[in-house]
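This is coords_23.cif. It holds mmCIF, C-alpha atoms.
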```cif
data_final
loop_
_atom_site.group_PDB
_atom_site.id
_atom_site.type_symbol
_atom_site.label_atom_id
_atom_site.label_comp_id
_atom_site.auth_asym_id
_atom_site.auth_seq_id
_atom_site.Cartn_x
_atom_site.Cartn_y
_atom_site.Cartn_z
ATOM 1 C CA MET A 1 144.783 198.466 148.863
ATOM 2 C CA LYS A 2 146.426 196.076 146.370
ATOM 3 C CA ASN A 3 148.690 193.463 147.886
ATOM 4 C CA GLN A 4 150.589 190.242 147.246
ATOM 5 C CA LEU A 5 149.153 188.300 150.149
ATOM 6 C CA LYS A 6 147.363 185.711 148.018
ATOM 7 C CA VAL A 7 150.544 184.964 146.086
ATOM 8 C CA LEU A 8 152.704 184.782 149.195
ATOM 9 C CA ARG A 9 150.170 182.483 150.828
ATOM 10 C CA ALA A 10 150.091 180.216 147.791
ATOM 11 C CA MET A 11 153.893 180.029 147.778
ATOM 12 C CA ARG A 12 153.684 178.541 151.280
ATOM 13 C CA ASN A 13 150.831 176.265 150.176
ATOM 14 C CA TRP A 14 148.633 177.658 152.950
ATOM 15 C CA SER A 15 144.878 177.947 152.963
ATOM 16 C CA GLN A 16 143.291 181.220 154.062
ATOM 17 C CA ALA A 17 142.441 179.584 157.382
ATOM 18 C CA GLU A 18 146.042 178.449 157.891
ATOM 19 C CA LEU A 19 147.337 181.942 157.221
ATOM 20 C CA GLY A 20 144.653 183.291 159.540
ATOM 21 C CA GLU A 21 145.911 180.934 162.253
ATOM 22 C CA HIS A 22 149.483 182.203 161.780
ATOM 23 C CA LEU A 23 148.297 185.817 162.025
ATOM 24 C CA ASP A 24 145.704 185.129 164.757
ATOM 25 C CA VAL A 25 142.878 186.520 162.622
ATOM 26 C CA SER A 26 139.849 184.904 160.979
ATOM 27 C CA ARG A 27 139.756 183.345 157.511
ATOM 28 C CA GLN A 28 137.268 186.077 156.657
ATOM 29 C CA ALA A 29 139.856 188.727 157.583
ATOM 30 C CA VAL A 30 142.474 187.089 155.332
ATOM 31 C CA ASN A 31 139.941 186.995 152.496
ATOM 32 C CA ALA A 32 139.027 190.666 153.043
ATOM 33 C CA ILE A 33 142.695 191.726 152.982
ATOM 34 C CA GLU A 34 143.512 189.629 149.901
ATOM 35 C CA THR A 35 140.592 191.095 147.962
ATOM 36 C CA GLY A 36 141.448 194.651 149.035
ATOM 37 C CA LYS A 37 138.211 195.123 150.951
ATOM 38 C CA TYR A 38 139.997 195.677 154.234
ATOM 39 C CA ASP A 39 143.335 197.379 154.902
ATOM 40 C CA PRO A 40 145.158 195.806 157.860
ATOM 41 C CA SER A 41 146.333 197.872 160.803
ATOM 42 C CA LEU A 42 150.029 198.744 161.001
ATOM 43 C CA PRO A 43 150.694 196.063 163.666
ATOM 44 C CA LEU A 44 149.036 193.405 161.492
ATOM 45 C CA ALA A 45 150.904 194.630 158.403
ATOM 46 C CA PHE A 46 154.184 194.260 160.339
ATOM 47 C CA LYS A 47 153.120 190.780 161.433
ATOM 48 C CA ILE A 48 152.471 189.827 157.797
ATOM 49 C CA SER A 49 155.780 191.355 156.784
ATOM 50 C CA ARG A 50 157.710 189.363 159.400
ATOM 51 C CA LEU A 51 155.831 186.139 158.625
ATOM 52 C CA PHE A 52 156.776 186.256 154.941
ATOM 53 C CA GLY A 53 160.179 187.926 155.407
ATOM 54 C CA GLN A 54 159.284 190.741 153.020
ATOM 55 C CA PRO A 55 159.245 194.505 153.574
ATOM 56 C CA ILE A 56 155.746 195.959 153.972
ATOM 57 C CA GLU A 57 156.087 197.993 150.778
ATOM 58 C CA GLU A 58 156.840 194.806 148.823
ATOM 59 C CA ILE A 59 153.596 193.245 150.028
ATOM 60 C CA PHE A 60 151.246 196.244 150.010
ATOM 61 C CA ASP A 61 150.870 198.808 147.260
ATOM 62 C CA ASP A 62 149.215 202.101 148.192
ATOM 63 C CA GLY A 63 149.261 203.203 144.558
ATOM 64 C CA PHE A 64 151.785 205.984 145.130
ATOM 65 C CA ASP A 65 154.174 206.001 142.221
ATOM 66 C CA GLY A 66 155.242 209.628 141.934
ATOM 67 C CA GLU A 67 158.190 211.663 143.020
ATOM 68 C CA HIS A 68 158.399 213.188 146.465
ATOM 69 C CA HIS A 69 157.713 216.922 146.552
ATOM 70 C CA GLY A 70 159.101 218.910 149.439
ATOM 71 C CA MET B 71 157.196 197.367 143.645
ATOM 72 C CA MET B 72 157.996 193.946 142.256
ATOM 73 C CA ASP B 73 154.909 192.053 141.214
ATOM 74 C CA LEU B 74 155.349 188.531 142.513
ATOM 75 C CA THR B 75 152.556 187.226 140.287
ATOM 76 C CA GLU B 76 154.648 188.116 137.229
ATOM 77 C CA SER B 77 157.748 186.297 138.376
ATOM 78 C CA ILE B 78 156.313 183.200 140.034
ATOM 79 C CA MET B 79 153.522 181.008 138.750
ATOM 80 C CA VAL B 80 151.518 179.873 141.724
ATOM 81 C CA GLU B 81 148.094 178.455 142.318
ATOM 82 C CA PRO B 82 146.493 179.704 145.515
ATOM 83 C CA VAL B 83 145.432 176.702 147.595
ATOM 84 C CA ASN B 84 141.980 176.115 149.033
ATOM 85 C CA GLU B 85 140.760 179.273 147.371
ATOM 86 C CA GLN B 86 137.710 180.525 149.196
ATOM 87 C CA GLY B 87 135.613 183.566 148.632
ATOM 88 C CA SER B 88 133.182 185.255 150.923
ATOM 89 C CA ASN B 89 130.326 183.146 152.246
ATOM 90 C CA THR B 90 128.049 186.176 152.557
ATOM 91 C CA ARG B 91 125.215 184.861 150.444
ATOM 92 C CA ARG B 92 125.100 181.452 152.110
ATOM 93 C CA ILE B 93 125.216 182.836 155.640
ATOM 94 C CA LEU B 94 122.587 185.436 154.727
ATOM 95 C CA TRP B 95 120.275 182.733 153.332
ATOM 96 C CA ILE B 96 120.716 180.657 156.497
ATOM 97 C CA MET B 97 119.906 183.648 158.719
ATOM 98 C CA LEU B 98 116.911 184.802 156.663
ATOM 99 C CA SER B 99 115.535 181.267 156.451
ATOM 100 C CA GLY B 100 115.891 180.861 160.228
ATOM 101 C CA LEU B 101 114.014 184.124 160.711
ATOM 102 C CA GLY B 102 111.379 182.941 158.233
ATOM 103 C CA ILE B 103 110.866 179.715 160.186
ATOM 104 C CA VAL B 104 110.407 181.647 163.445
ATOM 105 C CA MET B 105 107.913 184.027 161.784
ATOM 106 C CA THR B 106 106.007 181.172 160.134
ATOM 107 C CA ALA B 107 105.840 179.337 163.471
ATOM 108 C CA GLY B 108 104.448 182.583 164.947
ATOM 109 C CA ALA B 109 101.834 182.701 162.184
ATOM 110 C CA VAL B 110 100.847 179.086 162.946
ATOM 111 C CA ALA B 111 100.491 179.941 166.645
ATOM 112 C CA GLY B 112 98.430 183.040 165.782
ATOM 113 C CA TYR B 113 96.173 181.091 163.416
ATOM 114 C CA LEU B 114 95.549 178.374 166.012
ATOM 115 C CA ALA B 115 94.886 180.971 168.730
ATOM 116 C CA GLU B 116 92.356 182.712 166.477
ATOM 117 C CA HIS B 117 90.739 179.362 165.695
ATOM 118 C CA GLN B 118 90.532 178.620 169.415
ATOM 119 C CA ALA B 119 89.035 182.053 170.104
ATOM 120 C CA GLN B 120 86.294 181.338 167.552
ATOM 121 C CA GLY B 121 85.154 178.189 169.342
ATOM 122 C CA GLY B 122 87.895 175.678 168.535
ATOM 123 C CA GLY B 123 87.058 172.194 167.307
ATOM 124 C CA PRO B 124 88.455 170.440 164.212
ATOM 125 C CA LEU B 125 90.235 172.693 161.736
ATOM 126 C CA GLY B 126 88.210 171.725 158.678
ATOM 127 C CA ALA B 127 89.406 171.529 155.066
ATOM 128 C CA ALA B 128 90.359 175.194 154.757
ATOM 129 C CA GLY B 129 92.264 175.078 158.046
ATOM 130 C CA MET B 130 94.103 171.941 157.004
ATOM 131 C CA ILE B 131 95.132 173.576 153.726
ATOM 132 C CA VAL B 132 96.430 176.638 155.589
ATOM 133 C CA MET B 133 98.386 174.400 157.967
ATOM 134 C CA ALA B 134 99.775 172.403 155.035
ATOM 135 C CA VAL B 135 100.965 175.643 153.408
ATOM 136 C CA PHE B 136 102.637 176.744 156.645
ATOM 137 C CA ALA B 137 104.271 173.308 156.998
ATOM 138 C CA ALA B 138 105.497 173.444 153.391
ATOM 139 C CA ILE B 139 107.019 176.884 154.009
ATOM 140 C CA ILE B 140 108.830 175.661 157.134
ATOM 141 C CA ILE B 141 110.099 172.525 155.378
ATOM 142 C CA GLY B 142 111.220 174.595 152.381
ATOM 143 C CA LEU B 143 113.105 177.055 154.576
ATOM 144 C CA GLY B 144 114.632 174.160 156.520
ATOM 145 C CA TYR B 145 115.872 172.732 153.226
ATOM 146 C CA VAL B 146 117.432 176.097 152.308
ATOM 147 C CA ILE B 147 119.293 176.101 155.647
ATOM 148 C CA TRP B 148 120.449 172.500 155.201
ATOM 149 C CA ARG B 149 121.577 173.087 151.619
ATOM 150 C CA ASN B 150 123.556 176.245 152.374
ATOM 151 C CA GLY B 151 125.029 174.724 155.537
ATOM 152 C CA ARG B 152 126.151 171.694 153.541
ATOM 153 C CA ALA B 153 127.649 173.902 150.829
ATOM 154 C CA LEU B 154 129.614 175.779 153.487
ATOM 155 C CA LYS B 155 130.962 172.483 154.821
ATOM 156 C CA LEU B 156 131.769 171.045 151.384
ATOM 157 C CA ASP B 157 133.558 174.253 150.473
ATOM 158 C CA GLY B 158 136.037 173.436 153.223
ATOM 159 C CA ASP B 159 135.072 176.404 155.338
ATOM 160 C CA GLU B 160 137.856 175.891 157.841
ATOM 161 C CA LEU B 161 137.708 177.997 160.941
ATOM 162 C CA THR B 162 140.590 179.467 162.880
ATOM 163 C CA ARG B 163 140.685 179.253 166.675
ATOM 164 C CA ARG B 164 139.203 182.756 166.970
ATOM 165 C CA GLU B 165 136.433 181.973 164.497
ATOM 166 C CA ARG B 166 135.464 178.795 166.348
ATOM 167 C CA LEU B 167 135.258 180.719 169.620
ATOM 168 C CA ASN B 168 133.321 183.508 167.875
ATOM 169 C CA ARG B 169 130.868 181.017 166.351
ATOM 170 C CA ASN B 170 130.357 179.218 169.656
ATOM 171 C CA ILE B 171 129.620 182.491 171.469
ATOM 172 C CA MET B 172 127.114 183.458 168.748
ATOM 173 C CA ILE B 173 125.399 180.072 168.912
ATOM 174 C CA GLY B 174 125.288 180.324 172.713
ATOM 175 C CA CYS B 175 123.714 183.806 172.557
ATOM 176 C CA MET B 176 121.138 182.701 169.984
ATOM 177 C CA ALA B 177 120.277 179.624 172.053
ATOM 178 C CA LEU B 178 119.927 181.786 175.152
ATOM 179 C CA GLY B 179 117.663 184.189 173.233
ATOM 180 C CA ALA B 180 115.540 181.313 171.942
ATOM 181 C CA VAL B 181 115.212 179.808 175.446
ATOM 182 C CA MET B 182 114.299 183.224 176.882
ATOM 183 C CA GLY B 183 111.758 183.955 174.152
ATOM 184 C CA GLY B 184 110.271 180.472 174.323
ATOM 185 C CA GLY B 185 110.096 180.606 178.118
ATOM 186 C CA LEU B 186 108.413 184.008 178.124
ATOM 187 C CA ALA B 187 105.914 182.967 175.464
ATOM 188 C CA ALA B 188 105.161 179.694 177.291
ATOM 189 C CA THR B 189 104.538 181.495 180.591
ATOM 190 C CA GLY B 190 102.304 184.097 178.925
ATOM 191 C CA ASN B 191 104.769 186.929 179.464
ATOM 192 C CA LEU B 192 105.352 187.633 175.816
ATOM 193 C CA ASP B 193 102.630 188.231 173.259
ATOM 194 C CA ILE B 194 104.127 188.883 169.863
ATOM 195 C CA ALA B 195 100.678 189.481 168.413
ATOM 196 C CA ASP B 196 97.855 191.233 170.237
ATOM 197 C CA PRO B 197 95.101 188.562 170.658
ATOM 198 C CA ALA B 198 92.390 191.228 170.291
ATOM 199 C CA SER B 199 93.545 193.091 167.205
ATOM 200 C CA GLY B 200 96.090 190.659 165.756
ATOM 201 C CA ALA B 201 98.513 193.576 165.469
ATOM 202 C CA LEU B 202 102.121 193.337 166.596
ATOM 203 C CA SER B 203 102.179 193.963 170.330
ATOM 204 C CA ILE B 204 105.886 193.367 170.893
ATOM 205 C CA PHE B 205 106.361 197.159 170.725
ATOM 206 C CA ASP B 206 103.739 198.003 173.351
ATOM 207 C CA ASP B 207 104.120 198.632 177.086
ATOM 208 C CA GLY B 208 102.030 195.675 178.243
ATOM 209 C CA ARG B 209 102.533 194.380 181.763
ATOM 210 C CA MET B 210 104.737 191.414 182.548
ATOM 211 C CA SER B 211 105.461 189.627 185.800
ATOM 212 C CA ALA B 212 108.115 191.135 188.068
ATOM 213 C CA ALA B 213 110.030 187.826 188.085
ATOM 214 C CA ALA B 214 110.180 187.730 184.274
ATOM 215 C CA ALA B 215 111.259 191.389 184.125
ATOM 216 C CA LEU B 216 114.019 190.819 186.703
ATOM 217 C CA LEU B 217 115.259 187.702 184.902
ATOM 218 C CA ILE B 218 115.537 189.535 181.578
ATOM 219 C CA VAL B 219 117.225 192.529 183.241
ATOM 220 C CA PHE B 220 119.758 190.194 184.864
ATOM 221 C CA LEU B 221 120.554 188.501 181.561
ATOM 222 C CA TRP B 222 120.644 191.776 179.630
ATOM 223 C CA ALA B 223 122.507 193.995 182.106
ATOM 224 C CA VAL B 224 124.793 191.476 183.843
ATOM 225 C CA ILE B 225 125.405 188.492 181.553
ATOM 226 C CA ILE B 226 125.444 190.260 178.186
ATOM 227 C CA PRO B 227 128.158 192.800 179.192
ATOM 228 C CA VAL B 228 130.407 189.949 180.382
ATOM 229 C CA VAL B 229 129.844 188.007 177.146
ATOM 230 C CA ALA B 230 130.405 191.194 175.109
ATOM 231 C CA TRP B 231 133.683 191.928 176.926
ATOM 232 C CA PHE B 232 134.882 188.357 176.337
ATOM 233 C CA TRP B 233 133.770 188.497 172.695
ATOM 234 C CA HIS B 234 135.569 191.782 172.027
ATOM 235 C CA THR B 235 138.801 190.803 173.776
ATOM 236 C CA ARG B 236 139.145 187.110 172.855
ATOM 237 C CA ALA B 237 136.980 186.137 169.904
ATOM 238 C CA ILE B 238 136.955 188.834 167.232
ATOM 239 C CA ASP B 239 139.858 190.133 165.181
ATOM 240 C CA GLU B 240 140.577 193.641 163.920
ATOM 241 C CA GLN B 241 138.604 193.229 160.682
ATOM 242 C CA GLU B 242 135.456 192.311 162.585
ATOM 243 C CA ALA B 243 136.100 195.034 165.183
ATOM 244 C CA SER B 244 136.309 197.534 162.316
ATOM 245 C CA ALA B 245 133.041 196.211 160.832
ATOM 246 C CA TYR B 246 131.406 196.481 164.255
ATOM 247 C CA ARG B 247 132.593 200.076 164.715
ATOM 248 C CA ASP B 248 131.252 201.013 161.280
ATOM 249 C CA GLY B 249 127.897 199.485 162.221
ATOM 250 C CA GLY B 250 127.889 201.619 165.368
ATOM 251 C CA TYR B 251 128.510 204.796 163.352
ATOM 252 C CA TYR B 252 125.652 204.081 160.939
ATOM 253 C CA ALA B 253 123.282 203.186 163.783
ATOM 254 C CA ALA B 254 124.258 206.245 165.825
ATOM 255 C CA TYR B 255 123.685 208.612 162.892
ATOM 256 C CA ALA B 256 120.375 206.922 162.059
ATOM 257 C CA PHE B 257 119.309 207.373 165.684
ATOM 258 C CA LEU B 258 120.484 210.999 165.892
ATOM 259 C CA ILE B 259 118.614 211.910 162.723
ATOM 260 C CA LEU B 260 115.519 209.705 162.748
ATOM 261 C CA ALA B 261 114.513 209.794 166.439
ATOM 262 C CA PRO B 262 114.085 213.611 166.524
ATOM 263 C CA VAL B 263 112.347 213.482 163.120
ATOM 264 C CA TRP B 264 109.767 211.035 164.497
ATOM 265 C CA TRP B 265 109.384 213.130 167.673
ATOM 266 C CA LEU B 266 108.887 216.363 165.695
ATOM 267 C CA LEU B 267 106.419 214.757 163.283
ATOM 268 C CA TRP B 268 104.483 213.416 166.291
ATOM 269 C CA ARG B 269 104.370 216.914 167.770
ATOM 270 C CA GLY B 270 103.083 218.130 164.427
ATOM 271 C CA GLY B 271 100.322 215.551 164.544
ATOM 272 C CA LEU B 272 101.654 213.655 161.547
ATOM 273 C CA LEU B 273 102.822 210.420 163.211
ATOM 274 C CA PRO B 274 101.842 208.382 166.274
ATOM 275 C CA GLU B 275 103.815 208.909 169.490
ATOM 276 C CA PRO B 276 107.482 207.744 169.255
ATOM 277 C CA ASN B 277 107.946 204.203 170.486
ATOM 278 C CA GLY B 278 111.138 203.522 172.421
ATOM 279 C CA VAL B 279 111.196 199.791 171.710
ATOM 280 C CA ALA B 280 110.742 200.343 167.973
ATOM 281 C CA ILE B 281 113.588 202.905 167.979
ATOM 282 C CA PHE B 282 115.805 200.524 169.969
ATOM 283 C CA MET B 283 115.084 197.661 167.570
ATOM 284 C CA ALA B 284 115.745 199.832 164.512
ATOM 285 C CA PHE B 285 119.047 200.942 166.081
ATOM 286 C CA ALA B 286 120.056 197.329 166.781
ATOM 287 C CA PHE B 287 118.962 196.194 163.319
ATOM 288 C CA ILE B 288 120.955 198.891 161.480
ATOM 289 C CA TRP B 289 124.032 198.195 163.603
ATOM 290 C CA SER B 290 123.798 194.439 162.971
ATOM 291 C CA ALA B 291 123.057 194.784 159.251
ATOM 292 C CA VAL B 292 126.054 197.088 158.628
ATOM 293 C CA TRP B 293 128.312 194.891 160.769
ATOM 294 C CA PHE B 294 127.263 191.829 158.754
ATOM 295 C CA TRP B 295 127.700 193.627 155.425
ATOM 296 C CA LYS B 296 131.155 194.976 156.337
ATOM 297 C CA LYS B 297 132.307 191.664 157.742
ATOM 298 C CA TYR B 298 131.155 189.330 154.963
ATOM 299 C CA ARG B 299 130.913 191.491 151.812
#
```
Rendering of file as structure tokens:
Amino acid sequence: MKNQLKVLRAMRNWSQAELGEHLDVSRQAVNAIETGKYDPSLPLAFKISRLFGQPIEEIFDDGFDGEHHG
Amino acid sequence: MMDLTESIMVEPVNEQGSNTRRILWIMLSGLGIVMTAGAVAGYLAEHQAQGGGPLGAAGMIVMAVFAAIIIGLGYVIWRNGRALKLDGDELTRRERLNRNIMIGCMALGAVMGGGLAATGNLDIADPASGALSIFDDGRMSAAAALLIVFLWAVIIPVVAWFWHTRAIDEQEASAYRDGGYYAAYAFLILAPVWWLLWRGGLLPEPNGVAIFMAFAFIWSAVWFWKKYR
């Protein structure tokens, strides 16, 4: 899944390890999320959202761009 | 969704990629050193069985080749380890704990293997045929068997529980689960295939240790790939 994590991290001038420390995950996990190789769980996504003060949908992009059909 | 990269020019700090290749080289080189050391031991044992004495020119050349291989692999480990350090491979608290547990387990395995080999309880190669005998059902002392069972069935579960609850994060847990799926499917498909082909007279009798090791290898390989890719 595409996301803005790398940009948000850079805005705080954090290394991957520093962000990992804030989220209580490994540097490898931060790298995997940033490169779209791993999608975080909902609790971790909320943690990221709270850490950066951004809504989840502003950080993660699931590629859905169409209208809702009911 | 607003694209932050379009509105703000930023340079990610301490940019680091995956260290897959370096870690893989370190692991493979370590394995190569162990196997080469085994080959040295096997060569010397064979030499001893044929009467012993000085090695001679040919023997010295063989030993020099083995030594060169070990030194070369040691250099590969040193070089990749140094590159990891120079790259600023910082570790989080969880990663440090994870690494220390892994190092502890590997050291324990090395001590166990070395101890068993030194006390004659573990023959990796069959002295008679030279074939791998680690898969056979050869006898071992009751004390050695009980010690391994204690470590495997009592200590390992405690370490595994601690590792799963304190050291790894959700990305590694996911990689580990994926490894389990691949290994389980490989076991479910391949074990009966071997058994049926044995019944049909096409393969030797299924070997439990070989199946166990294949299961563990597939699990570990997929876990590594999913974690570090």
If the PyMOL selection byres ((chain A and resi 23) around 8) is run on the structure shown, which residues does it catch, given as a compact mmCIF listing (two decimals) with C-alpha atoms, in the frame of the given file?
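Saved result, result-v3.txt, follows:
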```txt
# COMPACT_ATOMS: atom_id res chain seq x y z
CA LEU A 19 147.34 181.94 157.22
CA GLY A 20 144.65 183.29 159.54
CA GLU A 21 145.91 180.93 162.25
CA HIS A 22 149.48 182.20 161.78
CA ASP A 24 145.70 185.13 164.76
CA VAL A 25 142.88 186.52 162.62
CA LEU A 44 149.04 193.40 161.49
CA LYS A 47 153.12 190.78 161.43
CA ILE A 48 152.47 189.83 157.80
```
>> Residue by residue, what does the PyMOL selection byres ((chain B and resi 151) around 12) grab here? Present the result as a ChimeraX atom specification.
In response: /B:89,91-97,99-100,144-150,152-159
Taking all atoms of stretch 15-22 of chain A that the file lists, what box with edges along x, y and z, padded by 4 Å per side, do you get, with centre and edge lengths in Å to one decimal, as AutoDock Vina command-line options?
```
--center_x 146.0 --center_y 180.6 --center_z 157.6 --size_x 15.0 --size_y 13.3 --size_z 17.3
```
>> Would you pick out the contacts of stretch 169-176 of chain B at 12 Å or less, using all atoms listed in the file, so that residues sharing its chain but fewer than 2 positions from it are not included, and give the list as a ChimeraX atom specification?
In response: /A:26 /B:97,100-101,161-167,178-184,221-222,225-226,228-234,236-238
Residues from last step as file, C-alpha atoms, as a PDB file, in the coordinates of the input:
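What landed in part-v5.pdb:
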```
ATOM      1  CA  SER A  26     139.849 184.904 160.979  1.00  0.00           C
TER       2      SER A  26
ATOM      3  CA  MET B  97     119.906 183.648 158.719  1.00  0.00           C
ATOM      4  CA  GLY B 100     115.891 180.861 160.228  1.00  0.00           C
ATOM      5  CA  LEU B 101     114.014 184.124 160.711  1.00  0.00           C
ATOM      6  CA  LEU B 161     137.708 177.997 160.941  1.00  0.00           C
ATOM      7  CA  THR B 162     140.590 179.467 162.880  1.00  0.00           C
ATOM      8  CA  ARG B 163     140.685 179.253 166.675  1.00  0.00           C
ATOM      9  CA  ARG B 164     139.203 182.756 166.970  1.00  0.00           C
ATOM     10  CA  GLU B 165     136.433 181.973 164.497  1.00  0.00           C
ATOM     11  CA  ARG B 166     135.464 178.795 166.348  1.00  0.00           C
ATOM     12  CA  LEU B 167     135.258 180.719 169.620  1.00  0.00           C
ATOM     13  CA  LEU B 178     119.927 181.786 175.152  1.00  0.00           C
ATOM     14  CA  GLY B 179     117.663 184.189 173.233  1.00  0.00           C
ATOM     15  CA  ALA B 180     115.540 181.313 171.942  1.00  0.00           C
ATOM     16  CA  VAL B 181     115.212 179.808 175.446  1.00  0.00           C
ATOM     17  CA  MET B 182     114.299 183.224 176.882  1.00  0.00           C
ATOM     18  CA  GLY B 183     111.758 183.955 174.152  1.00  0.00           C
ATOM     19  CA  GLY B 184     110.271 180.472 174.323  1.00  0.00           C
ATOM     20  CA  LEU B 221     120.554 188.501 181.561  1.00  0.00           C
ATOM     21  CA  TRP B 222     120.644 191.776 179.630  1.00  0.00           C
ATOM     22  CA  ILE B 225     125.405 188.492 181.553  1.00  0.00           C
ATOM     23  CA  ILE B 226     125.444 190.260 178.186  1.00  0.00           C
ATOM     24  CA  VAL B 228     130.407 189.949 180.382  1.00  0.00           C
ATOM     25  CA  VAL B 229     129.844 188.007 177.146  1.00  0.00           C
ATOM     26  CA  ALA B 230     130.405 191.194 175.109  1.00  0.00           C
ATOM     27  CA  TRP B 231     133.683 191.928 176.926  1.00  0.00           C
ATOM     28  CA  PHE B 232     134.882 188.357 176.337  1.00  0.00           C
ATOM     29  CA  TRP B 233     133.770 188.497 172.695  1.00  0.00           C
ATOM     30  CA  HIS B 234     135.569 191.782 172.027  1.00  0.00           C
ATOM     31  CA  ARG B 236     139.145 187.110 172.855  1.00  0.00           C
ATOM     32  CA  ALA B 237     136.980 186.137 169.904  1.00  0.00           C
ATOM     33  CA  ILE B 238     136.955 188.834 167.232  1.00  0.00           C
TER      34      ILE B 238
END
```
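Going from atom CA of A:Phe60 to atom CA of A:Asn3 covers 4.3 Å.
A straight line drawn from atom CA of B:Trp265 to atom CA of B:Val279 is 14.1 Å long.
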>> Would you pick out the contacts of A:Pro55 at 12 Å or less, using all atoms listed in the file, so that residues sharing its chain but fewer than 5 positions from it are not included, and give the list as JSON, numbers by chain?
In response: {"A": [4, 45, 46, 47, 48, 49, 50, 60, 61], "B": [71, 72]}
>> For stretch 27-31 of chain A, find every residue with an atom within 6 Å (counting all atoms listed in the file), except residues of its own chain fewer than 2 positions away, and show them as an MDAnalysis selection string.
In response: (chainID A and resid 16:17 20 33:34) or (chainID B and resid 241)
